[in-house]
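Okay, structure first, notes after.
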Amino acid sequence: MYHVTRIDETQNVLPAAYADRSKGFSRQQLVGKTEGSPHMGLYVCTLEPAGHVEAVVHSFELSMYVLSGELVVTMLGASTTLGADDCIAVPVGVTYSVRAGRGPVSWLLMSAPAPFEDTRRTDTFFTGEQLEAAASPATDVRDPRNQSAFRFDPASMDLDNLAVGSRVDAPQVSASMATALLAYSGIGVRMLVDQRLRAQLHTMFMVQYQPTAIAHPHDHPFEEAYVMVQGEVHALVEGDELVLRPGDVLWAGVGADHGFHNRGSGLVRW
């Protein structure tokens, strides 16, 4: 089983549970139980300038990856300002709030497992708390006090940089081998969210295909979702040929065979 969709702001809606607990908030569901996934909920969320979502807690874990703008996330007594390519994990049962920084902001939100879509059960609870803390940027990922946020540096996917190494004073560079660039057959993989950010139920990583790079059809005992951010890739999913471009989203269920081929002259990234 697989599902293909596309990020489209005209599909954004205000969830009923958030109607009286947010300002300027909306989201588009990309993957969830409706699309066949029991294990993940994937959304694109937006906040208008000066928008916010009040303190809330879920019975699932989540992570947020900022696509554009500036997002301030407050939890566990601290506020973190996230810019484009920054991400943060929120463990199960942790209360948090979000607000727009300067101007509008959009971000990917991954929930694991998939949130309920019926009205018989509740997995999202607004607490009424006032979460206040001075905001600081998610810059130095090596700071041991930073246990939830990570900054993705697109230059870290450049294979040529591996030959010279990173500057010692580069705060955006993780000292953990867990985030080292894994490169094979023209394919690069860099971890963004995993257990080092206290995520237990899902992972998030960036994948890059060099020109001519190919991954032959294979499957997994877990689900995957692919959000295209750069280039054009040809995919073979369950025997169907697809062409995916920035803004396209593919979800492959457990056991769904899938493969990818970069037939162009530029980079592909998702």
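A note on labels: chains of the structure tokens are A, B, ... as shown, every chain counts residues from 1, and ligands are counted from 1 in their shown order.
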
Using only C-alpha atoms, tabulate the residues of range 216-257 of chain A lying at most 10 Å from any atom of range 3-23 of chain A, each with its closest atom pair and that distance in Å to one decimal, by chain and increasing residue number, as a Markdown table.
| residue | atom | partner | partner_atom | distance |
| --- | --- | --- | --- | --- |
| A:Ala225 | CA | A:His3 | CA | 9.3 |
| A:Tyr226 | CA | A:Val4 | CA | 9.6 |
| A:Val227 | CA | A:Arg6 | CA | 8.9 |
| A:Met228 | CA | A:Arg6 | CA | 9.4 |
| A:Val237 | CA | A:His3 | CA | 9.8 |
| A:Leu242 | CA | A:Val4 | CA | 9.3 |
| A:Leu244 | CA | A:Val4 | CA | 9.3 |
| A:Arg245 | CA | A:Arg6 | CA | 9.4 |
| A:Pro246 | CA | A:Arg6 | CA | 8.9 |
| A:Gly247 | CA | A:Ile7 | CA | 5.2 |
| A:Asp248 | CA | A:Arg6 | CA | 4.4 |
| A:Val249 | CA | A:Thr5 | CA | 5.2 |
| A:Leu250 | CA | A:Val4 | CA | 4.6 |
| A:Trp251 | CA | A:His3 | CA | 5.1 |
| A:Ala252 | CA | A:His3 | CA | 6.7 |
| A:Gly253 | CA | A:His3 | CA | 8.4 |

Residues near range 88-102 of chain A, cut-off 7 Å, only C-alpha atoms, skip fewer than 5 positions along chain, as an MDAnalysis selection string:
chainID A and resid 47 49:65 70:75 148:150 193 197:199

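Take the candidates A:Thr119, A:Val268, A:Cys87, A:Gly103 and check each one against Gly24 in chain A using only C-alpha atoms; the shortest distance goes to A:Gly103.
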
Residue nearest Gln195 in chain A among A:Gln147, A:Asp158, A:Ser37, A:Ser265 (counting only C-alpha atoms)
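Of all the options, A:Gln147 lies closest to Gln195 in chain A.
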
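Close contacts of Met206 in chain A, defined as residues with an atom at most 10 Å away when counting only C-alpha atoms, with chain neighbours fewer than 6 positions off set aside, comprise Phe152, Pro154, Met157, Leu181, Gly188, Val189, Arg190, Met191, Leu192, Val193, Tyr226, Val227, Val229, Arg269 and Trp270 of chain A.
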
Export, as a compact mmCIF listing (two decimals), in the first residue's frame, the selected residues with all heavy atoms.
# COMPACT_ATOMS: atom_id res chain seq x y z
N PHE A 152 19.94 21.39 10.76
CA PHE A 152 20.44 20.75 9.55
C PHE A 152 21.17 21.78 8.69
O PHE A 152 20.60 22.81 8.33
CB PHE A 152 19.30 20.14 8.74
CG PHE A 152 19.74 19.67 7.37
CD1 PHE A 152 20.65 18.64 7.24
CD2 PHE A 152 19.24 20.28 6.23
CE1 PHE A 152 21.06 18.22 5.99
CE2 PHE A 152 19.64 19.86 4.98
CZ PHE A 152 20.55 18.82 4.85
N PRO A 154 22.67 22.30 5.13
CA PRO A 154 22.71 21.68 3.81
C PRO A 154 24.12 21.40 3.31
O PRO A 154 24.34 20.42 2.59
CB PRO A 154 21.98 22.71 2.93
CG PRO A 154 21.06 23.43 3.86
CD PRO A 154 21.82 23.50 5.17
N MET A 157 25.83 17.94 3.58
CA MET A 157 25.56 16.85 2.65
C MET A 157 26.54 16.85 1.48
O MET A 157 26.48 15.96 0.63
CB MET A 157 24.13 16.96 2.12
CG MET A 157 23.04 16.86 3.17
SD MET A 157 22.87 15.22 3.89
CE MET A 157 22.03 14.34 2.57
N LEU A 181 27.42 11.95 8.12
CA LEU A 181 26.89 11.71 6.78
C LEU A 181 27.24 10.29 6.35
O LEU A 181 28.41 9.91 6.30
CB LEU A 181 27.47 12.72 5.79
CG LEU A 181 27.03 12.55 4.33
CD1 LEU A 181 25.52 12.76 4.20
CD2 LEU A 181 27.78 13.51 3.42
N GLY A 188 23.39 9.98 -0.06
CA GLY A 188 23.80 10.48 1.25
C GLY A 188 22.63 10.48 2.21
O GLY A 188 21.50 10.83 1.83
N VAL A 189 22.85 10.09 3.46
CA VAL A 189 21.82 10.05 4.49
C VAL A 189 22.35 10.74 5.73
O VAL A 189 23.45 10.42 6.19
CB VAL A 189 21.41 8.61 4.83
CG1 VAL A 189 20.35 8.60 5.93
CG2 VAL A 189 20.91 7.87 3.60
N ARG A 190 21.59 11.67 6.28
CA ARG A 190 22.01 12.39 7.48
C ARG A 190 20.85 12.41 8.47
O ARG A 190 19.75 12.88 8.18
CB ARG A 190 22.44 13.82 7.15
CG ARG A 190 23.04 14.57 8.33
CD ARG A 190 23.77 15.81 7.86
NE ARG A 190 24.28 16.62 8.94
CZ ARG A 190 25.40 16.39 9.61
NH1 ARG A 190 26.13 15.35 9.30
NH2 ARG A 190 25.80 17.20 10.57
N MET A 191 21.10 11.89 9.67
CA MET A 191 20.06 11.79 10.69
C MET A 191 19.72 13.16 11.26
O MET A 191 20.60 13.98 11.52
CB MET A 191 20.53 10.87 11.82
CG MET A 191 19.47 10.59 12.87
SD MET A 191 17.98 9.83 12.21
CE MET A 191 18.63 8.24 11.65
N LEU A 192 18.42 13.40 11.47
CA LEU A 192 17.95 14.64 12.07
C LEU A 192 17.34 14.37 13.45
O LEU A 192 17.71 14.99 14.43
CB LEU A 192 16.91 15.31 11.16
CG LEU A 192 17.37 15.66 9.74
CD1 LEU A 192 16.22 16.28 8.96
CD2 LEU A 192 18.57 16.59 9.76
N VAL A 193 16.38 13.46 13.52
CA VAL A 193 15.69 13.16 14.77
C VAL A 193 15.78 11.67 15.05
O VAL A 193 15.44 10.85 14.20
CB VAL A 193 14.20 13.59 14.69
CG1 VAL A 193 13.46 13.15 15.95
CG2 VAL A 193 14.08 15.09 14.49
N TYR A 226 8.15 10.31 2.43
CA TYR A 226 9.18 11.07 1.72
C TYR A 226 8.58 12.42 1.31
O TYR A 226 7.60 12.47 0.58
CB TYR A 226 9.64 10.32 0.47
CG TYR A 226 9.87 8.85 0.68
CD1 TYR A 226 8.81 7.95 0.59
CD2 TYR A 226 11.13 8.35 0.96
CE1 TYR A 226 9.01 6.59 0.79
CE2 TYR A 226 11.34 6.99 1.15
CZ TYR A 226 10.27 6.12 1.07
OH TYR A 226 10.46 4.77 1.27
N VAL A 227 9.19 13.49 1.78
CA VAL A 227 8.75 14.84 1.42
C VAL A 227 9.83 15.44 0.52
O VAL A 227 10.95 15.72 0.97
CB VAL A 227 8.55 15.71 2.68
CG1 VAL A 227 8.09 17.12 2.27
CG2 VAL A 227 7.53 15.07 3.61
N VAL A 229 12.07 17.98 -1.42
CA VAL A 229 12.45 19.37 -1.21
C VAL A 229 13.35 19.92 -2.33
O VAL A 229 13.49 21.14 -2.45
CB VAL A 229 13.15 19.58 0.15
CG1 VAL A 229 12.20 19.29 1.29
CG2 VAL A 229 14.40 18.71 0.27
N ARG A 269 16.83 15.78 -3.27
CA ARG A 269 16.86 15.74 -1.79
C ARG A 269 15.43 15.62 -1.28
O ARG A 269 14.52 16.25 -1.77
CB ARG A 269 17.52 17.01 -1.25
CG ARG A 269 17.71 17.02 0.27
CD ARG A 269 18.46 18.28 0.71
NE ARG A 269 19.87 18.21 0.31
CZ ARG A 269 20.69 19.24 0.31
NH1 ARG A 269 20.23 20.44 0.66
NH2 ARG A 269 21.93 19.11 -0.05
N TRP A 270 15.26 14.74 -0.26
CA TRP A 270 13.97 14.65 0.43
C TRP A 270 14.19 14.37 1.89
O TRP A 270 15.24 13.96 2.31
CB TRP A 270 13.05 13.59 -0.19
CG TRP A 270 13.49 12.17 -0.08
CD1 TRP A 270 13.45 11.39 1.04
CD2 TRP A 270 14.01 11.35 -1.14
NE1 TRP A 270 13.91 10.14 0.75
CE2 TRP A 270 14.27 10.07 -0.57
CE3 TRP A 270 14.28 11.56 -2.47
CZ2 TRP A 270 14.79 9.02 -1.34
CZ3 TRP A 270 14.80 10.52 -3.22
CH2 TRP A 270 15.05 9.26 -2.66

Which one is closest to Leu76 in chain A: A:Leu236, A:Arg196, A:Glu224, A:Ala133? Count only C-alpha atoms.
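So, comparing all the options, the nearest one is A:Ala133.
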
When you count only C-alpha atoms, which of these residues is closest to Glu35 in chain A: A:Val105, A:Val66, A:Val243, A:Ala114?
A:Ala114

Tell me which protein, DNA and RNA residues are within 6 Å of Leu42 in chain A, counting only C-alpha atoms, leaving out same-chain ones fewer than 4 positions away, and put them as a ChimeraX atom specification.
/A:30-31,109-110

Fewer than 6 positions away in the same chain doesn't count, so skip those; otherwise give me all residues within 7 Å of Ala135 in chain A, counting only C-alpha atoms, as a list in words.
Ser79, Thr80 and Thr81 of chain A

Can I get the selected residues back with N, CA, C and O atoms, as a short mmCIF file (atom, residue, chain, number, x, y, z; two decimals), in the first residue's frame?
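Writing the result to out-v4.cif gives the following:
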data_model
loop_
_atom_site.label_atom_id
_atom_site.label_comp_id
_atom_site.auth_asym_id
_atom_site.auth_seq_id
_atom_site.Cartn_x
_atom_site.Cartn_y
_atom_site.Cartn_z
N SER A 79 12.52 28.11 25.86
CA SER A 79 11.98 28.46 24.54
C SER A 79 13.11 28.41 23.52
O SER A 79 14.18 28.97 23.75
N THR A 80 12.87 27.75 22.40
CA THR A 80 13.87 27.59 21.35
C THR A 80 13.32 28.21 20.07
O THR A 80 12.21 27.89 19.65
N THR A 81 14.11 29.08 19.46
CA THR A 81 13.74 29.70 18.20
C THR A 81 14.30 28.88 17.06
O THR A 81 15.52 28.70 16.95
#

From a backbone DSSP assignment, name each residue in range 4-125 of chain A labelled strand (DSSP E), as a PyMOL selection string.
chain A and resi 4-6+22-31+41-58+61-68+71-75+78-82+86-90+96-100+105-112+124-125

Work out how far apart CA of His261 in chain A and CA of Phe222 in chain A are and give it in Å to one decimal.
21.4 Å

What's the separation between CA of Asp219 in chain A and CA of Gly255 in chain A, in Å to one decimal place?
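CA of Gly255 in chain A lies 5.2 Å from CA of Asp219 in chain A.
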
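Relative to CA of Ser106 in chain A, CA of Phe205 in chain A is found at 18.4 Å.
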
Pick from A:Ala84, A:Ala112, A:Ala235, A:Ala155 nearest to Ala215 in chain A, counting only C-alpha atoms
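For Ala215 in chain A, the nearest of the given residues is A:Ala235.
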
What are the DSSP helix (DSSP H, G or I) residues of range 22-227 of chain A, as a list in words?
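DSSP on the backbone gives helix (DSSP H, G or I) at Lys33, Thr34, Glu35, Pro154, Ala155, Ser156, Met157, Asn161, Leu162, Ala163, Val164, Met177, Ala178, Thr179, Gln195, Arg196 and Leu197 of chain A.
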
Contacts of Val254 in chain A at 7 Å or less, counting only C-alpha atoms, minus same-chain residues fewer than 3 places along, as a ChimeraX atom specification?
/A:220-223

Let's have the selection written as a JSON list (two decimals), in the first residue's frame, with all heavy atoms.
[["chain", "number", "residue", "atom", "x", "y", "z"],
["A", 220, "HIS", "N", 10.53, -2.56, 3.64],
["A", 220, "HIS", "CA", 10.91, -2.48, 5.04],
["A", 220, "HIS", "C", 9.80, -3.04, 5.92],
["A", 220, "HIS", "O", 8.63, -3.04, 5.52],
["A", 220, "HIS", "CB", 11.15, -1.02, 5.47],
["A", 220, "HIS", "CG", 12.12, -0.27, 4.62],
["A", 220, "HIS", "ND1", 13.47, -0.53, 4.64],
["A", 220, "HIS", "CD2", 11.94, 0.73, 3.73],
["A", 220, "HIS", "CE1", 14.08, 0.30, 3.80],
["A", 220, "HIS", "NE2", 13.17, 1.07, 3.23],
["A", 221, "PRO", "N", 10.14, -3.44, 7.15],
["A", 221, "PRO", "CA", 9.11, -3.81, 8.12],
["A", 221, "PRO", "C", 8.60, -2.61, 8.88],
["A", 221, "PRO", "O", 8.12, -2.73, 10.01],
["A", 221, "PRO", "CB", 9.84, -4.80, 9.04],
["A", 221, "PRO", "CG", 11.25, -4.29, 9.04],
["A", 221, "PRO", "CD", 11.50, -3.77, 7.65],
["A", 222, "PHE", "N", 8.70, -1.42, 8.30],
["A", 222, "PHE", "CA", 8.21, -0.18, 8.89],
["A", 222, "PHE", "C", 7.74, 0.74, 7.78],
["A", 222, "PHE", "O", 8.02, 0.51, 6.61],
["A", 222, "PHE", "CB", 9.28, 0.51, 9.75],
["A", 222, "PHE", "CG", 10.63, 0.64, 9.06],
["A", 222, "PHE", "CD1", 10.86, 1.64, 8.13],
["A", 222, "PHE", "CD2", 11.67, -0.23, 9.37],
["A", 222, "PHE", "CE1", 12.10, 1.77, 7.50],
["A", 222, "PHE", "CE2", 12.90, -0.11, 8.75],
["A", 222, "PHE", "CZ", 13.12, 0.88, 7.82],
["A", 223, "GLU", "N", 7.00, 1.77, 8.16],
["A", 223, "GLU", "CA", 6.50, 2.75, 7.19],
["A", 223, "GLU", "C", 7.54, 3.84, 6.93],
["A", 223, "GLU", "O", 8.38, 4.12, 7.79],
["A", 223, "GLU", "CB", 5.23, 3.41, 7.73],
["A", 223, "GLU", "CG", 4.09, 2.46, 8.02],
["A", 223, "GLU", "CD", 2.89, 3.20, 8.59],
["A", 223, "GLU", "OE1", 2.83, 4.44, 8.48],
["A", 223, "GLU", "OE2", 2.01, 2.54, 9.15]]

Between A:Thr46, A:Thr203, A:Thr212, A:Ser26, which has the minimum distance to Gly69 in chain A (counting only C-alpha atoms)?
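Ranked by minimum distance to Gly69 in chain A, first place goes to A:Thr46.
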